[in-house]
Amino acid sequence: DAKTTQPPSMDCAEGRAANLPCNHSTISGNEYVYWYRQIHSQGPQYIIHGLKNNETNEMASLIITEDRKSSTLILPHATLRDTAVYYCIVRPRGTYKYIFGTGTRLKVLA
Amino acid sequence: KAGVTQTPRYLIKTRGQQVTLSCSPISGHRSVSWYQQTPGQGLQFLFEYFSETQRNKGNFPGRFSGRQFSNSRSEMNVSTLELGDSALYLCASSLENSLGETQYFGPGTRLLVL
């Protein structure tokens, strides 16, 4: 019952921006979109989250469409260490759990 | 501030045994969630505890149980282990797990059932 859809894999050249899309067309009004990444089966690492406005932090930017049905995570200058599986997650309203989809396997190429 | 810690990091058990995994949340965090990750099923929610009370439970059999102590540390237990229980078990903590809050994950415990 994943609420998000992501492409299974993407490649990005080192130093270029990596743009990872996510579709969450059934998102409800007060459900946040979270992004995590997981490297080599370590624990997922928090990247960024947002409700309706675009967000930026030291790791990435999150662009959410006006209708909130999709979002894009932007890694502005991808490095080899950004190679990981990236998860876009929506926490269903009224619950305390994250529902993970299958994520996007990003490979940054030298 | 120290992150979420999980012990042990690796564990090997045989079918039919039981296992207890431990999670220490970030200092001050009162919500602890547990997830199971397998190659076939991906990351799946097990349960969430807040102030020693289970608030949410995933779709797992009763062999999977957990608890939380007054200091917010949490344990999960799996009884009568099956081969399919081999997985990475992840713990995540947050202040109160309210809307807009972030959960921070530990490194996980890798369980192998033989």
# chains A, B, ... in the order shown; residues from 1 in each chain; ligands from 1
>>> interface_residues(of="chain A", to="chain B", cutoff="12 Å", atoms="only C-alpha atoms", output="PyMOL selection string")
chain A and resi 1-2+29-52+85+87+89-103
>>> write_last_selection(atoms="C-alpha atoms", output="PDB file, in the first residue's frame")
ATOM      1  CA  ASP A   1       0.000   0.000   0.000  1.00  0.00           C
ATOM      2  CA  ALA A   2       2.858   2.342  -0.875  1.00  0.00           C
ATOM      3  CA  GLY A  29      -3.825  17.777   2.893  1.00  0.00           C
ATOM      4  CA  ASN A  30      -1.617  17.435   5.950  1.00  0.00           C
ATOM      5  CA  GLU A  31       0.595  14.558   4.875  1.00  0.00           C
ATOM      6  CA  TYR A  32       4.263  15.407   4.569  1.00  0.00           C
ATOM      7  CA  VAL A  33       6.667  14.100   1.940  1.00  0.00           C
ATOM      8  CA  TYR A  34       9.933  12.754   3.343  1.00  0.00           C
ATOM      9  CA  TRP A  35      13.093  11.753   1.548  1.00  0.00           C
ATOM     10  CA  TYR A  36      15.639   9.301   2.911  1.00  0.00           C
ATOM     11  CA  ARG A  37      18.526   7.461   1.355  1.00  0.00           C
ATOM     12  CA  GLN A  38      20.108   4.140   2.177  1.00  0.00           C
ATOM     13  CA  ILE A  39      23.685   3.243   1.402  1.00  0.00           C
ATOM     14  CA  HIS A  40      24.806  -0.392   1.384  1.00  0.00           C
ATOM     15  CA  SER A  41      22.021  -1.601   3.703  1.00  0.00           C
ATOM     16  CA  GLN A  42      22.935   0.853   6.435  1.00  0.00           C
ATOM     17  CA  GLY A  43      20.087   2.561   8.251  1.00  0.00           C
ATOM     18  CA  PRO A  44      18.162   5.048   6.096  1.00  0.00           C
ATOM     19  CA  GLN A  45      19.564   8.560   6.338  1.00  0.00           C
ATOM     20  CA  TYR A  46      17.165  11.500   6.541  1.00  0.00           C
ATOM     21  CA  ILE A  47      17.583  14.052   3.752  1.00  0.00           C
ATOM     22  CA  ILE A  48      14.686  16.499   3.731  1.00  0.00           C
ATOM     23  CA  HIS A  49      10.928  16.798   4.083  1.00  0.00           C
ATOM     24  CA  GLY A  50       8.177  19.227   3.142  1.00  0.00           C
ATOM     25  CA  LEU A  51       4.462  19.900   3.146  1.00  0.00           C
ATOM     26  CA  LYS A  52       3.711  22.271   0.291  1.00  0.00           C
ATOM     27  CA  VAL A  85      18.763   4.002  -2.868  1.00  0.00           C
ATOM     28  CA  TYR A  87      13.142   6.692  -0.826  1.00  0.00           C
ATOM     29  CA  ILE A  89       7.849   8.501   1.706  1.00  0.00           C
ATOM     30  CA  VAL A  90       4.452   9.787   2.703  1.00  0.00           C
ATOM     31  CA  ARG A  91       3.299   9.119   6.223  1.00  0.00           C
ATOM     32  CA  PRO A  92      -0.425   8.339   6.075  1.00  0.00           C
ATOM     33  CA  ARG A  93      -2.578  10.681   8.097  1.00  0.00           C
ATOM     34  CA  GLY A  94      -3.638   9.277  11.437  1.00  0.00           C
ATOM     35  CA  THR A  95      -0.803   6.775  11.623  1.00  0.00           C
ATOM     36  CA  TYR A  96       2.668   6.802  13.084  1.00  0.00           C
ATOM     37  CA  LYS A  97       4.364   4.753  10.374  1.00  0.00           C
ATOM     38  CA  TYR A  98       6.295   5.403   7.222  1.00  0.00           C
ATOM     39  CA  ILE A  99       5.281   3.408   4.166  1.00  0.00           C
ATOM     40  CA  PHE A 100       8.341   2.764   2.059  1.00  0.00           C
ATOM     41  CA  GLY A 101       8.089   2.069  -1.649  1.00  0.00           C
ATOM     42  CA  THR A 102      10.827   0.424  -3.662  1.00  0.00           C
ATOM     43  CA  GLY A 103      12.864   3.615  -4.028  1.00  0.00           C
TER      44      GLY A 103
END
>>> residues_around(residues="region 68-85 of chain B", least_positions_apart="6", cutoff="9 Å", atoms="only C-alpha atoms", output="PyMOL selection string")
chain B and resi 13-25+27-34+36+38+49-54+62+91+111-114
>>> write_last_selection(atoms="C-alpha atoms", output="compact mmCIF listing (two decimals), in the first residue's frame")
# COMPACT_ATOMS: atom_id res chain seq x y z
CA LYS B 13 20.12 -17.97 15.26
CA THR B 14 18.57 -21.29 14.31
CA ARG B 15 14.95 -22.02 13.48
CA GLY B 16 12.70 -22.29 16.50
CA GLN B 17 14.84 -20.10 18.71
CA GLN B 18 13.81 -16.69 19.91
CA VAL B 19 15.70 -13.41 19.71
CA THR B 20 15.63 -10.04 21.44
CA LEU B 21 16.93 -6.90 19.76
CA SER B 22 17.57 -3.63 21.53
CA CYS B 23 17.28 0.00 20.48
CA SER B 24 18.40 3.12 22.32
CA PRO B 25 16.81 6.26 20.85
CA SER B 27 18.41 11.39 23.92
CA GLY B 28 15.07 13.10 24.55
CA HIS B 29 13.20 11.14 21.90
CA ARG B 30 10.16 9.33 23.21
CA SER B 31 8.93 7.59 20.06
CA VAL B 32 10.57 4.43 18.78
CA SER B 33 9.55 2.61 15.61
CA TRP B 34 10.73 -0.72 14.27
CA GLN B 36 12.02 -5.03 8.93
CA THR B 38 14.22 -7.98 3.39
CA TYR B 49 5.95 2.91 20.76
CA PHE B 50 5.50 6.17 22.58
CA SER B 51 5.74 6.58 26.34
CA GLU B 52 5.73 2.80 26.81
CA THR B 53 2.53 2.35 24.78
CA GLN B 54 2.21 0.72 21.39
CA GLY B 62 2.09 -12.37 16.85
CA CYS B 91 14.87 1.10 14.71
CA LEU B 111 19.61 -11.30 11.79
CA LEU B 112 20.40 -14.53 10.02
CA VAL B 113 18.21 -17.55 10.79
CA LEU B 114 19.69 -20.94 9.84
>>> closest_residue(among="A:Cys22, A:Ile27, A:Ala78, A:Ile63", to="Leu106 (chain A)", atoms="only C-alpha atoms")
A:Ala78
>>> residues_around(residues="Asn53 (chain A)", least_positions_apart="4", cutoff="9 Å", atoms="only C-alpha atoms", output="PDB file with all heavy atoms, in the first residue's frame")
ATOM      1  N   LEU A  62      14.069  20.271  -2.164  1.00  0.00           N
ATOM      2  CA  LEU A  62      12.843  19.533  -2.429  1.00  0.00           C
ATOM      3  C   LEU A  62      11.870  20.475  -3.115  1.00  0.00           C
ATOM      4  O   LEU A  62      11.538  21.536  -2.553  1.00  0.00           O
ATOM      5  CB  LEU A  62      12.250  18.995  -1.128  1.00  0.00           C
ATOM      6  CG  LEU A  62      10.887  18.297  -1.212  1.00  0.00           C
ATOM      7  CD1 LEU A  62      10.956  17.086  -2.120  1.00  0.00           C
ATOM      8  CD2 LEU A  62      10.409  17.894   0.186  1.00  0.00           C
ATOM      9  N   ILE A  63      11.441  20.083  -4.293  1.00  0.00           N
ATOM     10  CA  ILE A  63      10.478  20.881  -5.053  1.00  0.00           C
ATOM     11  C   ILE A  63       9.167  20.112  -5.070  1.00  0.00           C
ATOM     12  O   ILE A  63       9.123  18.966  -5.553  1.00  0.00           O
ATOM     13  CB  ILE A  63      10.952  21.114  -6.502  1.00  0.00           C
ATOM     14  CG1 ILE A  63      12.378  21.671  -6.529  1.00  0.00           C
ATOM     15  CG2 ILE A  63       9.984  22.036  -7.239  1.00  0.00           C
ATOM     16  CD1 ILE A  63      12.528  23.016  -5.857  1.00  0.00           C
ATOM     17  N   ILE A  64       8.110  20.715  -4.561  1.00  0.00           N
ATOM     18  CA  ILE A  64       6.793  20.079  -4.515  1.00  0.00           C
ATOM     19  C   ILE A  64       5.879  20.839  -5.460  1.00  0.00           C
ATOM     20  O   ILE A  64       5.807  22.079  -5.407  1.00  0.00           O
ATOM     21  CB  ILE A  64       6.211  20.096  -3.082  1.00  0.00           C
ATOM     22  CG1 ILE A  64       7.171  19.398  -2.120  1.00  0.00           C
ATOM     23  CG2 ILE A  64       4.841  19.422  -3.046  1.00  0.00           C
ATOM     24  CD1 ILE A  64       6.763  19.475  -0.660  1.00  0.00           C
ATOM     25  N   THR A  65       5.181  20.122  -6.328  1.00  0.00           N
ATOM     26  CA  THR A  65       4.280  20.793  -7.270  1.00  0.00           C
ATOM     27  C   THR A  65       3.131  21.455  -6.521  1.00  0.00           C
ATOM     28  O   THR A  65       2.801  21.079  -5.392  1.00  0.00           O
ATOM     29  CB  THR A  65       3.733  19.807  -8.301  1.00  0.00           C
ATOM     30  OG1 THR A  65       3.044  18.743  -7.619  1.00  0.00           O
ATOM     31  CG2 THR A  65       4.847  19.232  -9.161  1.00  0.00           C
ATOM     32  N   GLU A  66       2.511  22.417  -7.194  1.00  0.00           N
ATOM     33  CA  GLU A  66       1.454  23.192  -6.538  1.00  0.00           C
ATOM     34  C   GLU A  66       0.282  22.299  -6.115  1.00  0.00           C
ATOM     35  O   GLU A  66      -0.334  22.520  -5.075  1.00  0.00           O
ATOM     36  CB  GLU A  66       0.960  24.287  -7.484  1.00  0.00           C
ATOM     37  CG  GLU A  66       0.167  25.373  -6.781  1.00  0.00           C
ATOM     38  CD  GLU A  66      -0.017  26.600  -7.641  1.00  0.00           C
ATOM     39  OE1 GLU A  66       0.835  26.860  -8.517  1.00  0.00           O
ATOM     40  OE2 GLU A  66      -1.027  27.285  -7.444  1.00  0.00           O
TER      41      GLU A  66
END
>>> residues_around(residues="Pro21 (chain A)", least_positions_apart="5", cutoff="9 Å", atoms="only C-alpha atoms", output="compact mmCIF listing (two decimals) with all heavy atoms, in the first residue's frame")
# COMPACT_ATOMS: atom_id res chain seq x y z
N THR A 5 5.36 6.56 -5.93
CA THR A 5 5.90 5.85 -7.09
C THR A 5 7.17 6.55 -7.53
O THR A 5 7.17 7.77 -7.73
CB THR A 5 4.89 5.84 -8.25
OG1 THR A 5 3.66 5.29 -7.80
CG2 THR A 5 5.42 4.98 -9.39
N GLN A 6 8.23 5.76 -7.67
CA GLN A 6 9.52 6.30 -8.09
C GLN A 6 10.11 5.44 -9.20
O GLN A 6 9.84 4.23 -9.24
CB GLN A 6 10.51 6.30 -6.91
CG GLN A 6 10.09 7.12 -5.72
CD GLN A 6 11.10 6.97 -4.58
OE1 GLN A 6 10.83 6.30 -3.58
NE2 GLN A 6 12.25 7.59 -4.75
N PRO A 7 10.94 6.04 -10.07
CA PRO A 7 11.62 5.20 -11.07
C PRO A 7 12.59 4.26 -10.36
O PRO A 7 13.19 4.65 -9.36
CB PRO A 7 12.36 6.21 -11.95
CG PRO A 7 12.47 7.44 -11.12
CD PRO A 7 11.28 7.46 -10.22
N SER A 70 3.18 15.51 -6.86
CA SER A 70 4.51 14.99 -7.15
C SER A 70 5.56 15.92 -6.57
O SER A 70 5.27 17.07 -6.21
CB SER A 70 4.72 14.82 -8.65
OG SER A 70 4.71 16.08 -9.29
N SER A 71 6.77 15.38 -6.46
CA SER A 71 7.88 16.18 -5.95
C SER A 71 9.17 15.72 -6.60
O SER A 71 9.23 14.64 -7.20
CB SER A 71 7.97 16.09 -4.42
OG SER A 71 8.20 14.76 -4.00
N THR A 72 10.20 16.55 -6.48
CA THR A 72 11.51 16.22 -7.02
C THR A 72 12.56 16.54 -5.98
O THR A 72 12.57 17.65 -5.42
CB THR A 72 11.81 17.02 -8.30
OG1 THR A 72 10.83 16.71 -9.29
CG2 THR A 72 13.19 16.66 -8.85
N LEU A 73 13.42 15.59 -5.72
CA LEU A 73 14.57 15.80 -4.86
C LEU A 73 15.74 16.18 -5.75
O LEU A 73 16.02 15.49 -6.73
CB LEU A 73 14.90 14.54 -4.07
CG LEU A 73 16.13 14.63 -3.17
CD1 LEU A 73 15.81 15.47 -1.93
CD2 LEU A 73 16.64 13.24 -2.77
N ILE A 74 16.42 17.25 -5.40
CA ILE A 74 17.56 17.71 -6.19
C ILE A 74 18.82 17.67 -5.35
O ILE A 74 18.89 18.31 -4.29
CB ILE A 74 17.34 19.14 -6.73
CG1 ILE A 74 16.08 19.19 -7.59
CG2 ILE A 74 18.55 19.60 -7.54
CD1 ILE A 74 15.67 20.59 -8.01
N CYS A 88 11.26 8.06 -1.32
CA CYS A 88 10.28 9.13 -1.14
C CYS A 88 9.14 8.51 -0.33
O CYS A 88 8.61 7.47 -0.70
CB CYS A 88 9.80 9.60 -2.51
SG CYS A 88 8.34 10.63 -2.52
N THR A 104 14.40 4.65 -5.56
CA THR A 104 15.20 4.82 -6.79
C THR A 104 16.65 4.54 -6.48
O THR A 104 17.23 5.17 -5.59
CB THR A 104 15.07 6.25 -7.34
OG1 THR A 104 13.72 6.50 -7.74
CG2 THR A 104 16.00 6.45 -8.54
>>> select_by_dssp(residues="region 54-99 of chain A", states="strand (DSSP E)", output="VMD selection string")
chain A and resid 55 to 56 61 to 64 70 to 75 84 to 90
>>> write_last_selection(atoms="C-alpha atoms", output="PDB file, in the first residue's frame")
ATOM      1  CA  GLU A  55      12.568  23.301   0.948  1.00  0.00           C
ATOM      2  CA  THR A  56      16.344  23.458   0.912  1.00  0.00           C
ATOM      3  CA  SER A  61      16.402  20.771  -2.312  1.00  0.00           C
ATOM      4  CA  LEU A  62      12.843  19.533  -2.429  1.00  0.00           C
ATOM      5  CA  ILE A  63      10.478  20.881  -5.053  1.00  0.00           C
ATOM      6  CA  ILE A  64       6.793  20.079  -4.515  1.00  0.00           C
ATOM      7  CA  SER A  70       4.506  14.990  -7.146  1.00  0.00           C
ATOM      8  CA  SER A  71       7.881  16.178  -5.946  1.00  0.00           C
ATOM      9  CA  THR A  72      11.511  16.219  -7.016  1.00  0.00           C
ATOM     10  CA  LEU A  73      14.572  15.803  -4.859  1.00  0.00           C
ATOM     11  CA  ILE A  74      17.559  17.709  -6.195  1.00  0.00           C
ATOM     12  CA  LEU A  75      21.141  16.912  -5.238  1.00  0.00           C
ATOM     13  CA  ALA A  84      22.415   5.017  -2.838  1.00  0.00           C
ATOM     14  CA  VAL A  85      18.763   4.002  -2.868  1.00  0.00           C
ATOM     15  CA  TYR A  86      16.565   7.069  -2.403  1.00  0.00           C
ATOM     16  CA  TYR A  87      13.142   6.692  -0.826  1.00  0.00           C
ATOM     17  CA  CYS A  88      10.283   9.126  -1.137  1.00  0.00           C
ATOM     18  CA  ILE A  89       7.849   8.501   1.706  1.00  0.00           C
ATOM     19  CA  VAL A  90       4.452   9.787   2.703  1.00  0.00           C
TER      20      VAL A  90
END
>>> atom_distance(atom1="CA of Thr79 (chain A)", atom2="CA of Ser9 (chain A)")
16.5 Å
>>> atom_distance(atom1="CA of Met59 (chain A)", atom2="CA of Gly3 (chain B)")
18.3 Å
>>> atom_distance(atom1="CA of Arg105 (chain A)", atom2="CA of Ser93 (chain B)")
24.9 Å
>>> residues_around(residues="Ala13 (chain A)", least_positions_apart="3", cutoff="7 Å", atoms="only C-alpha atoms", output="VMD selection string")
chain A and resid 16 108 to 110
